[in-house]
Amino acid sequence: MDITQLEIRLSDGSRQSLALEKDEYSLGRAATNDLSFPDDIGLSRQHLVFERATGGWKARDLGSKNGTLLNGLPLKGSAMLQPGDLITCGQLSMSYAPPQDRTVVFSPSGMAPQGTIFTSLAGALSTAASPSGLARQVDALVRAGQELAGHRPLSELFGLILNLALDAVEASRGVLMTWDGHQLVAQAARGDHFEISTFVRNQVMEERKSLLVPDTLLDSALREQVSIVQQQIRSLLAVPLQTSDRVIGLLYVDGSGFVRPFTPEDLSLLTVLANIAAIRIEQARLLEVEIAEAALLRDMEQAAELQRKLLPGAAPLLDGYLLEGYNLPCRTVGGDYYDFVPYSDGRLAILVGDVSGKGMPAALLMSSLQTAVHLLAEDSPEPLVMVNRLNRLLCAKKLGNRFVTFFFGVLDPSTGVLEYVNAGHNPPLLLRADGSLEELAATGMILGILTIASYASAATQLGTGDRLVLFSDGITEAAPPADLDNEFGEARLSDLARSRVTMEEISGQVLTWCAGETTDDLTLVIVDRL
C-alpha cells in the first residue's frame, strides 16, 4: 500500500518527511496544529489544512494573512494536489509526492493475526527460559554487550544491531526502523519488500508490545499478502526499540518455512536485546547531536562576530544631524540590514533592508546584499538606479521564496533633501518639528521576485527639528510570548519617536513589551536634523 509523502523544507534548509496517514493535517503558528511552526511569522496561527479527498489529497488555505502559493500561484480556497506539486507558505516549501523508499510498506489492518503471542519488556525479563534456551540467551546478550560497548557512528550501529538480532533468533530477513521526523524510516535491512501491518506497527510503537506470529498460514489476511507468499514467510517477530521513557523505533524479523519457527523464548530474547540496542542508539545519537551542536555553536558565534563587523560600528558624524542605528537579531545571526554609505559628493546613503526568514540563510543573503550595495555605491548612483540594479542582481540569484524589503534614501546634508525608493519596506516615519507625521510609503515592490518590477523615486525634505525613523517589521510586530496578536504597533513607535526619546529608550521599550523574547530581527535607524 502506497503512503503519500509530504516533504517539508524549513527556512534553515533542513527537511522533514511526513507520511499522510490521517484524514487531515492542520498547519500554522499555533501549537494546536498538527504541524506547528511557532517561529515562522510569515504563517498565520491557523494557516493551511491538508485534507484527504476522493482520489488523493487537497490543500485548503484558511484565509491566511500572507496567503499560500501552489506551484507559484495563489491558492484560493482549496485545490486537489498532484504528485510533484509545490506548496509554499511563510518560510516553508512542501512537495507532495508518493513514497520513494519501498523497503517497507505498512498495510492496513486493525486486528491481531491469528495465533499472535504478545509480551512486554517486563514480561520478557521475568520469563524463565529452558536450560538450553537460557544458555542461548546469555550467549546472545553477552555478545551484544561486547559488540555495542565501543564507540560507533549511528550509520554503523544500525547494521550491527540488525545482524546481532538476526543471529540471536536465527532469522534470515529483518529490518530496523527508527523515527525520522514524522515517520518510520528503515535504517538497516537484510532482504526487501517487507510488508508490516498497521496493527503490528501500532502495537509495537504505541503500546510497547512485542509480538510473535508463530505461523502466518493460520491467518487469512497474512496468507493473502503478496510479500508473505513470495518470500514464503512462515513466522515473524516484531519488537519495540524502547528506552526507559520512549519508543524510538521497531525491529522486525521473519523466517521462511524452511527454517525452525520462532518461539516465545525468541520473542523474549529479541525484546531484551532491542532494549539494550535502543539505549545504545540513543547514547550514540545524543553524542552526535552534542558534537554537532558544539561545532554549530562555534560556527554561529564566528558568523555573528563577522556580521556585527559588517554592520556600521558607529553612525557617521554629520554636521547639523544626529544619526543612530540599532540591530538585534532574534537568533545568533539575522537577516536585517542597515547602513550609512557616504557618497563622494558629500551626500549620505541611508538604508534599511529586511531579508525574509531568520538565522543563517537570511544572514548569508544579507551579507550578499551589503556587498552589492557597497560595490554599486562607488559610482554614487541615484536611489532609483541603485534599487533597479539590486533587484536584477537578486532575481538572477533565483532565491525561490526568499525576498528582500528595502528602503534606500540619499540625503543631501546641505539642503535636507532626501531622495528615496521604498521597495516594499515598512514606511519610515517622518516626524515634523510641529508634531505632524508623514509616512514614506512604498514606491515599488519587494526585491528579488520579478526582474521586470517597476520602481519610482520620491523626495522629501528634513527641516530643523524633524526626525526620520526607519525600522524593520520586527519592531512593530514584537509581541508578548503569551499573546502574539498583541503587537507593539506603529502607533506606539510613533508616540515614542515624537517624544524625542533616545534610541536606547525605544529599543528598551520594545524588548520590555515582548519580555525579551523576540520572534524577528529588530532594526531601528533614527535621523534627527538639529
# chains A, B, ... in the order shown; residues from 1 in each chain; ligands from 1

$ residues_around --residues "range 435-443 of chain A" --least-positions-apart "6" --cutoff "6 Å" --atoms "only C-alpha atoms" --output "ChimeraX atom specification"
/A:421-424,427-429,455-456

$ residues_around --residues "range 338-350 of chain A" --least-positions-apart "2" --cutoff "7 Å" --atoms "only C-alpha atoms" --output "list in words"
Leu311, Pro312, Asp336, Val352, Gly353, Ser380, Phe408, Gly409, Val410, Leu411, Asp412 and Pro413 of chain A

$ residues_around --residues "range 35-51 of chain A" --least-positions-apart "2" --cutoff "9 Å" --atoms "only C-alpha atoms" --output "PDB file with N, CA, C and O atoms, in the first residue's frame"
ATOM      1  N   SER A  11      12.973  26.802   6.840  1.00  0.00           N
ATOM      2  CA  SER A  11      13.690  28.026   6.471  1.00  0.00           C
ATOM      3  C   SER A  11      15.202  27.879   6.615  1.00  0.00           C
ATOM      4  O   SER A  11      15.960  28.574   5.951  1.00  0.00           O
ATOM      5  N   LYS A  22      -3.328  10.165   8.428  1.00  0.00           N
ATOM      6  CA  LYS A  22      -4.606  10.624   8.979  1.00  0.00           C
ATOM      7  C   LYS A  22      -5.440  11.250   7.860  1.00  0.00           C
ATOM      8  O   LYS A  22      -4.999  11.355   6.716  1.00  0.00           O
ATOM      9  N   ASP A  23      -6.659  11.654   8.202  1.00  0.00           N
ATOM     10  CA  ASP A  23      -7.529  12.257   7.195  1.00  0.00           C
ATOM     11  C   ASP A  23      -7.324  13.755   7.049  1.00  0.00           C
ATOM     12  O   ASP A  23      -7.790  14.355   6.082  1.00  0.00           O
ATOM     13  N   GLU A  24      -6.624  14.364   8.008  1.00  0.00           N
ATOM     14  CA  GLU A  24      -6.457  15.817   7.953  1.00  0.00           C
ATOM     15  C   GLU A  24      -5.232  16.222   8.750  1.00  0.00           C
ATOM     16  O   GLU A  24      -4.936  15.639   9.800  1.00  0.00           O
ATOM     17  N   TYR A  25      -4.515  17.224   8.230  1.00  0.00           N
ATOM     18  CA  TYR A  25      -3.362  17.792   8.937  1.00  0.00           C
ATOM     19  C   TYR A  25      -3.473  19.310   8.869  1.00  0.00           C
ATOM     20  O   TYR A  25      -3.563  19.876   7.775  1.00  0.00           O
ATOM     21  N   SER A  26      -3.479  19.958  10.022  1.00  0.00           N
ATOM     22  CA  SER A  26      -3.517  21.415  10.060  1.00  0.00           C
ATOM     23  C   SER A  26      -2.101  21.958  10.222  1.00  0.00           C
ATOM     24  O   SER A  26      -1.241  21.307  10.818  1.00  0.00           O
ATOM     25  N   LEU A  27      -1.871  23.160   9.708  1.00  0.00           N
ATOM     26  CA  LEU A  27      -0.545  23.779   9.719  1.00  0.00           C
ATOM     27  C   LEU A  27      -0.675  25.250  10.066  1.00  0.00           C
ATOM     28  O   LEU A  27      -1.588  25.932   9.592  1.00  0.00           O
ATOM     29  N   GLY A  28       0.239  25.739  10.905  1.00  0.00           N
ATOM     30  CA  GLY A  28       0.244  27.151  11.257  1.00  0.00           C
ATOM     31  C   GLY A  28       1.172  27.425  12.422  1.00  0.00           C
ATOM     32  O   GLY A  28       1.930  26.551  12.853  1.00  0.00           O
ATOM     33  N   ARG A  29       1.124  28.662  12.950  1.00  0.00           N
ATOM     34  CA  ARG A  29       1.981  29.034  14.072  1.00  0.00           C
ATOM     35  C   ARG A  29       1.487  28.477  15.403  1.00  0.00           C
ATOM     36  O   ARG A  29       2.274  28.222  16.303  1.00  0.00           O
ATOM     37  N   ALA A  30       0.179  28.298  15.547  1.00  0.00           N
ATOM     38  CA  ALA A  30      -0.379  27.886  16.832  1.00  0.00           C
ATOM     39  C   ALA A  30       0.052  26.473  17.197  1.00  0.00           C
ATOM     40  O   ALA A  30       0.189  25.603  16.335  1.00  0.00           O
ATOM     41  N   ALA A  31       0.245  26.254  18.500  1.00  0.00           N
ATOM     42  CA  ALA A  31       0.685  24.940  18.983  1.00  0.00           C
ATOM     43  C   ALA A  31      -0.379  23.867  18.793  1.00  0.00           C
ATOM     44  O   ALA A  31      -0.068  22.675  18.849  1.00  0.00           O
ATOM     45  N   THR A  32      -1.628  24.250  18.574  1.00  0.00           N
ATOM     46  CA  THR A  32      -2.710  23.275  18.410  1.00  0.00           C
ATOM     47  C   THR A  32      -2.698  22.608  17.036  1.00  0.00           C
ATOM     48  O   THR A  32      -3.436  21.646  16.820  1.00  0.00           O
ATOM     49  N   ASN A  33      -1.877  23.080  16.116  1.00  0.00           N
ATOM     50  CA  ASN A  33      -1.812  22.487  14.783  1.00  0.00           C
ATOM     51  C   ASN A  33      -1.074  21.156  14.803  1.00  0.00           C
ATOM     52  O   ASN A  33      -0.192  20.928  15.639  1.00  0.00           O
ATOM     53  N   ALA A  53      -9.086  13.425   0.257  1.00  0.00           N
ATOM     54  CA  ALA A  53     -10.247  13.579  -0.613  1.00  0.00           C
ATOM     55  C   ALA A  53     -10.318  12.377  -1.550  1.00  0.00           C
ATOM     56  O   ALA A  53      -9.373  11.593  -1.654  1.00  0.00           O
ATOM     57  N   GLY A  56      -7.238  11.288  -3.719  1.00  0.00           N
ATOM     58  CA  GLY A  56      -5.954  11.853  -3.282  1.00  0.00           C
ATOM     59  C   GLY A  56      -6.098  12.820  -2.123  1.00  0.00           C
ATOM     60  O   GLY A  56      -6.871  12.598  -1.196  1.00  0.00           O
ATOM     61  N   TRP A  57      -5.367  13.933  -2.218  1.00  0.00           N
ATOM     62  CA  TRP A  57      -5.343  14.940  -1.147  1.00  0.00           C
ATOM     63  C   TRP A  57      -5.557  16.325  -1.741  1.00  0.00           C
ATOM     64  O   TRP A  57      -5.240  16.565  -2.916  1.00  0.00           O
ATOM     65  N   LYS A  58      -6.089  17.199  -0.913  1.00  0.00           N
ATOM     66  CA  LYS A  58      -6.209  18.584  -1.338  1.00  0.00           C
ATOM     67  C   LYS A  58      -5.680  19.499  -0.242  1.00  0.00           C
ATOM     68  O   LYS A  58      -5.637  19.136   0.938  1.00  0.00           O
ATOM     69  N   ALA A  59      -5.260  20.693  -0.636  1.00  0.00           N
ATOM     70  CA  ALA A  59      -4.786  21.723   0.292  1.00  0.00           C
ATOM     71  C   ALA A  59      -5.824  22.835   0.338  1.00  0.00           C
ATOM     72  O   ALA A  59      -6.387  23.221  -0.694  1.00  0.00           O
ATOM     73  N   ARG A  60      -6.072  23.351   1.546  1.00  0.00           N
ATOM     74  CA  ARG A  60      -7.068  24.418   1.708  1.00  0.00           C
ATOM     75  C   ARG A  60      -6.497  25.540   2.564  1.00  0.00           C
ATOM     76  O   ARG A  60      -6.092  25.321   3.712  1.00  0.00           O
ATOM     77  N   ASP A  61      -6.399  26.738   2.001  1.00  0.00           N
ATOM     78  CA  ASP A  61      -5.938  27.908   2.751  1.00  0.00           C
ATOM     79  C   ASP A  61      -7.069  28.388   3.658  1.00  0.00           C
ATOM     80  O   ASP A  61      -8.231  28.448   3.250  1.00  0.00           O
ATOM     81  N   LEU A  62      -6.722  28.712   4.910  1.00  0.00           N
ATOM     82  CA  LEU A  62      -7.717  29.096   5.909  1.00  0.00           C
ATOM     83  C   LEU A  62      -7.873  30.609   6.021  1.00  0.00           C
ATOM     84  O   LEU A  62      -8.089  31.144   7.108  1.00  0.00           O
ATOM     85  N   GLY A  63      -7.736  31.290   4.907  1.00  0.00           N
ATOM     86  CA  GLY A  63      -7.845  32.741   4.933  1.00  0.00           C
ATOM     87  C   GLY A  63      -6.644  33.388   5.581  1.00  0.00           C
ATOM     88  O   GLY A  63      -6.762  34.395   6.275  1.00  0.00           O
ATOM     89  N   SER A  64      -5.461  32.802   5.352  1.00  0.00           N
ATOM     90  CA  SER A  64      -4.238  33.272   5.995  1.00  0.00           C
ATOM     91  C   SER A  64      -3.894  34.698   5.567  1.00  0.00           C
ATOM     92  O   SER A  64      -4.262  35.154   4.481  1.00  0.00           O
ATOM     93  N   LYS A  65      -3.159  35.380   6.453  1.00  0.00           N
ATOM     94  CA  LYS A  65      -2.816  36.786   6.211  1.00  0.00           C
ATOM     95  C   LYS A  65      -1.910  36.935   4.992  1.00  0.00           C
ATOM     96  O   LYS A  65      -2.120  37.823   4.160  1.00  0.00           O
ATOM     97  N   ASN A  66      -0.892  36.091   4.880  1.00  0.00           N
ATOM     98  CA  ASN A  66       0.085  36.230   3.797  1.00  0.00           C
ATOM     99  C   ASN A  66      -0.153  35.265   2.646  1.00  0.00           C
ATOM    100  O   ASN A  66       0.593  35.270   1.673  1.00  0.00           O
ATOM    101  N   GLY A  67      -1.176  34.414   2.768  1.00  0.00           N
ATOM    102  CA  GLY A  67      -1.550  33.555   1.661  1.00  0.00           C
ATOM    103  C   GLY A  67      -0.677  32.322   1.502  1.00  0.00           C
ATOM    104  O   GLY A  67       0.344  32.143   2.165  1.00  0.00           O
ATOM    105  N   THR A  68      -1.095  31.459   0.586  1.00  0.00           N
ATOM    106  CA  THR A  68      -0.395  30.224   0.251  1.00  0.00           C
ATOM    107  C   THR A  68      -0.244  30.158  -1.260  1.00  0.00           C
ATOM    108  O   THR A  68      -1.157  30.541  -2.000  1.00  0.00           O
ATOM    109  N   SER A  78      -9.565  25.827  -1.811  1.00  0.00           N
ATOM    110  CA  SER A  78      -8.878  24.537  -1.793  1.00  0.00           C
ATOM    111  C   SER A  78      -8.605  24.068  -3.217  1.00  0.00           C
ATOM    112  O   SER A  78      -9.235  24.536  -4.174  1.00  0.00           O
ATOM    113  N   CYS A  89       4.336  28.515   1.887  1.00  0.00           N
ATOM    114  CA  CYS A  89       3.678  29.469   2.764  1.00  0.00           C
ATOM    115  C   CYS A  89       4.666  29.833   3.859  1.00  0.00           C
ATOM    116  O   CYS A  89       5.426  28.975   4.327  1.00  0.00           O
ATOM    117  N   GLY A  90       4.670  31.105   4.270  1.00  0.00           N
ATOM    118  CA  GLY A  90       5.683  31.551   5.217  1.00  0.00           C
ATOM    119  C   GLY A  90       7.060  31.244   4.667  1.00  0.00           C
ATOM    120  O   GLY A  90       7.385  31.551   3.519  1.00  0.00           O
ATOM    121  N   GLN A  91       7.889  30.569   5.488  1.00  0.00           N
ATOM    122  CA  GLN A  91       9.221  30.182   5.059  1.00  0.00           C
ATOM    123  C   GLN A  91       9.295  28.689   4.727  1.00  0.00           C
ATOM    124  O   GLN A  91      10.388  28.125   4.625  1.00  0.00           O
ATOM    125  N   LEU A  92       8.152  28.051   4.530  1.00  0.00           N
ATOM    126  CA  LEU A  92       8.100  26.615   4.263  1.00  0.00           C
ATOM    127  C   LEU A  92       7.888  26.338   2.785  1.00  0.00           C
ATOM    128  O   LEU A  92       7.144  27.053   2.105  1.00  0.00           O
ATOM    129  N   SER A 356      13.751  38.074   4.015  1.00  0.00           N
ATOM    130  CA  SER A 356      12.738  37.161   4.544  1.00  0.00           C
ATOM    131  C   SER A 356      13.410  35.991   5.251  1.00  0.00           C
ATOM    132  O   SER A 356      14.446  35.492   4.822  1.00  0.00           O
ATOM    133  N   GLY A 357      12.804  35.560   6.346  1.00  0.00           N
ATOM    134  CA  GLY A 357      13.374  34.461   7.115  1.00  0.00           C
ATOM    135  C   GLY A 357      14.301  34.960   8.202  1.00  0.00           C
ATOM    136  O   GLY A 357      14.500  36.164   8.397  1.00  0.00           O
ATOM    137  N   LYS A 358      14.872  33.988   8.913  1.00  0.00           N
ATOM    138  CA  LYS A 358      15.778  34.300  10.020  1.00  0.00           C
ATOM    139  C   LYS A 358      16.949  33.342   9.977  1.00  0.00           C
ATOM    140  O   LYS A 358      16.995  32.417   9.181  1.00  0.00           O
ATOM    141  N   THR A 519      10.692  37.397  18.178  1.00  0.00           N
ATOM    142  CA  THR A 519      10.448  36.375  17.157  1.00  0.00           C
ATOM    143  C   THR A 519      10.949  36.810  15.783  1.00  0.00           C
ATOM    144  O   THR A 519      10.811  36.080  14.815  1.00  0.00           O
ATOM    145  N   ASP A 520      11.514  38.008  15.717  1.00  0.00           N
ATOM    146  CA  ASP A 520      12.080  38.513  14.458  1.00  0.00           C
ATOM    147  C   ASP A 520      13.223  39.464  14.794  1.00  0.00           C
ATOM    148  O   ASP A 520      13.335  39.954  15.929  1.00  0.00           O
TER     149      ASP A 520
END

$ select_by_dssp --residues "range 200-395 of chain A" --states "strand (DSSP E or B)" --output "PyMOL selection string"
chain A and resi 210-213+233-242+247-256+318+321-328+336-342+348-355

$ closest_residue --among "A:Asn163, A:Leu241, A:Asn327, A:Asp192" --to "Ile276 in chain A" --atoms "only C-alpha atoms"
A:Leu241

$ atom_distance --atom1 "CA of Leu375 in chain A" --atom2 "CA of Ala314 in chain A"
20.4 Å

$ atom_distance --atom1 "CA of Leu468 in chain A" --atom2 "CA of Ile526 in chain A"
5.7 Å

$ closest_residue --among "A:Gln114, A:Leu530, A:Glu419, A:Phe262" --to "Asp219 in chain A" --atoms "only C-alpha atoms"
A:Gln114

$ select_by_dssp --residues "range 52-203 of chain A" --states "alpha helix (DSSP H)" --output "short mmCIF file (atom, residue, chain, number, x, y, z; two decimals) with C-alpha atoms, in the first residue's frame"
data_model
loop_
_atom_site.label_atom_id
_atom_site.label_comp_id
_atom_site.auth_asym_id
_atom_site.auth_seq_id
_atom_site.Cartn_x
_atom_site.Cartn_y
_atom_site.Cartn_z
CA LEU A 121 9.88 -5.78 28.27
CA ALA A 122 8.88 -6.50 31.87
CA GLY A 123 7.38 -9.81 30.81
CA ALA A 124 10.44 -10.77 28.79
CA LEU A 125 12.75 -10.01 31.72
CA SER A 126 10.68 -12.13 34.09
CA PRO A 131 18.19 -24.57 30.21
CA SER A 132 19.17 -24.70 26.54
CA GLY A 133 17.23 -21.52 25.78
CA LEU A 134 18.78 -19.71 28.72
CA ALA A 135 22.29 -20.56 27.53
CA ARG A 136 21.47 -19.24 24.05
CA GLN A 137 20.01 -16.05 25.51
CA VAL A 138 23.04 -15.44 27.71
CA ASP A 139 25.42 -16.00 24.81
CA ALA A 140 23.46 -13.62 22.57
CA LEU A 141 23.24 -10.88 25.20
CA VAL A 142 26.91 -11.17 26.17
CA ARG A 143 27.89 -10.87 22.52
CA ALA A 144 25.59 -7.87 22.11
CA GLY A 145 27.13 -6.20 25.15
CA GLN A 146 30.64 -6.72 23.79
CA GLU A 147 29.80 -5.57 20.24
CA LEU A 148 27.87 -2.50 21.38
CA LEU A 154 24.94 5.58 14.04
CA SER A 155 25.37 4.59 10.39
CA GLU A 156 27.40 1.55 11.51
CA LEU A 157 25.44 0.88 14.68
CA PHE A 158 22.13 0.18 12.93
CA GLY A 159 23.56 -2.55 10.74
CA LEU A 160 25.43 -4.12 13.65
CA ILE A 161 22.28 -4.28 15.78
CA LEU A 162 20.28 -5.86 12.97
CA ASN A 163 22.94 -8.53 12.44
CA LEU A 164 23.03 -9.29 16.19
CA ALA A 165 19.23 -9.67 16.20
CA LEU A 166 19.16 -11.94 13.16
CA ASP A 167 21.90 -14.16 14.60
CA ALA A 168 20.27 -14.29 18.04
CA VAL A 169 16.98 -15.78 16.77
CA THR A 198 -0.51 -1.19 10.77
CA PHE A 199 -1.82 -3.31 13.68
CA VAL A 200 1.67 -4.74 14.26
CA ARG A 201 3.27 -1.31 13.91
CA ASN A 202 0.83 0.32 16.33
CA GLN A 203 1.14 -2.43 18.93
#

$ residues_around --residues "Leu390 in chain A" --least-positions-apart "3" --cutoff "12 Å" --atoms "only C-alpha atoms" --output "number ranges by chain"
A: 353, 368-377, 381, 383-387, 393-397, 403-408, 421, 423, 446-451, 453, 455

$ write_last_selection --atoms "C-alpha atoms" --output "PDB file, in the first residue's frame"
ATOM      1  CA  GLY A 353      16.682  46.091   4.459  1.00  0.00           C
ATOM      2  CA  SER A 368      25.443  39.369  -0.217  1.00  0.00           C
ATOM      3  CA  LEU A 369      23.102  42.375  -0.317  1.00  0.00           C
ATOM      4  CA  GLN A 370      25.509  44.531   1.677  1.00  0.00           C
ATOM      5  CA  THR A 371      28.409  43.647  -0.609  1.00  0.00           C
ATOM      6  CA  ALA A 372      26.367  44.564  -3.665  1.00  0.00           C
ATOM      7  CA  VAL A 373      25.292  47.881  -2.114  1.00  0.00           C
ATOM      8  CA  HIS A 374      28.866  48.943  -1.365  1.00  0.00           C
ATOM      9  CA  LEU A 375      30.138  47.938  -4.800  1.00  0.00           C
ATOM     10  CA  LEU A 376      27.361  49.790  -6.598  1.00  0.00           C
ATOM     11  CA  ALA A 377      27.675  52.827  -4.308  1.00  0.00           C
ATOM     12  CA  PRO A 381      24.079  56.165  -8.110  1.00  0.00           C
ATOM     13  CA  PRO A 383      18.280  55.736  -5.482  1.00  0.00           C
ATOM     14  CA  LEU A 384      16.260  54.574  -8.483  1.00  0.00           C
ATOM     15  CA  VAL A 385      19.363  53.323 -10.286  1.00  0.00           C
ATOM     16  CA  MET A 386      20.606  51.539  -7.164  1.00  0.00           C
ATOM     17  CA  VAL A 387      17.342  49.736  -6.454  1.00  0.00           C
ATOM     18  CA  LEU A 393      21.082  41.045  -9.149  1.00  0.00           C
ATOM     19  CA  LEU A 394      18.818  39.346  -6.607  1.00  0.00           C
ATOM     20  CA  CYS A 395      16.461  37.991  -9.269  1.00  0.00           C
ATOM     21  CA  ALA A 396      19.436  36.488 -11.091  1.00  0.00           C
ATOM     22  CA  LYS A 397      20.280  34.505  -7.950  1.00  0.00           C
ATOM     23  CA  PHE A 403      12.897  38.165  -0.964  1.00  0.00           C
ATOM     24  CA  VAL A 404      14.086  41.479   0.454  1.00  0.00           C
ATOM     25  CA  THR A 405      12.161  44.545   1.565  1.00  0.00           C
ATOM     26  CA  PHE A 406      14.405  47.564   1.122  1.00  0.00           C
ATOM     27  CA  PHE A 407      14.447  51.305   1.745  1.00  0.00           C
ATOM     28  CA  PHE A 408      17.230  53.284   0.103  1.00  0.00           C
ATOM     29  CA  VAL A 421      12.978  54.456  -3.180  1.00  0.00           C
ATOM     30  CA  ALA A 423      10.892  48.621  -2.242  1.00  0.00           C
ATOM     31  CA  ILE A 446       9.948  43.908  -2.826  1.00  0.00           C
ATOM     32  CA  LEU A 447      13.309  42.934  -4.325  1.00  0.00           C
ATOM     33  CA  GLY A 448      14.214  39.571  -5.787  1.00  0.00           C
ATOM     34  CA  ILE A 449      10.826  38.496  -7.174  1.00  0.00           C
ATOM     35  CA  LEU A 450      10.391  39.973 -10.658  1.00  0.00           C
ATOM     36  CA  THR A 451      13.163  41.194 -12.953  1.00  0.00           C
ATOM     37  CA  ALA A 453       9.467  45.073 -11.453  1.00  0.00           C
ATOM     38  CA  TYR A 455      10.109  51.328  -9.175  1.00  0.00           C
TER      39      TYR A 455
END
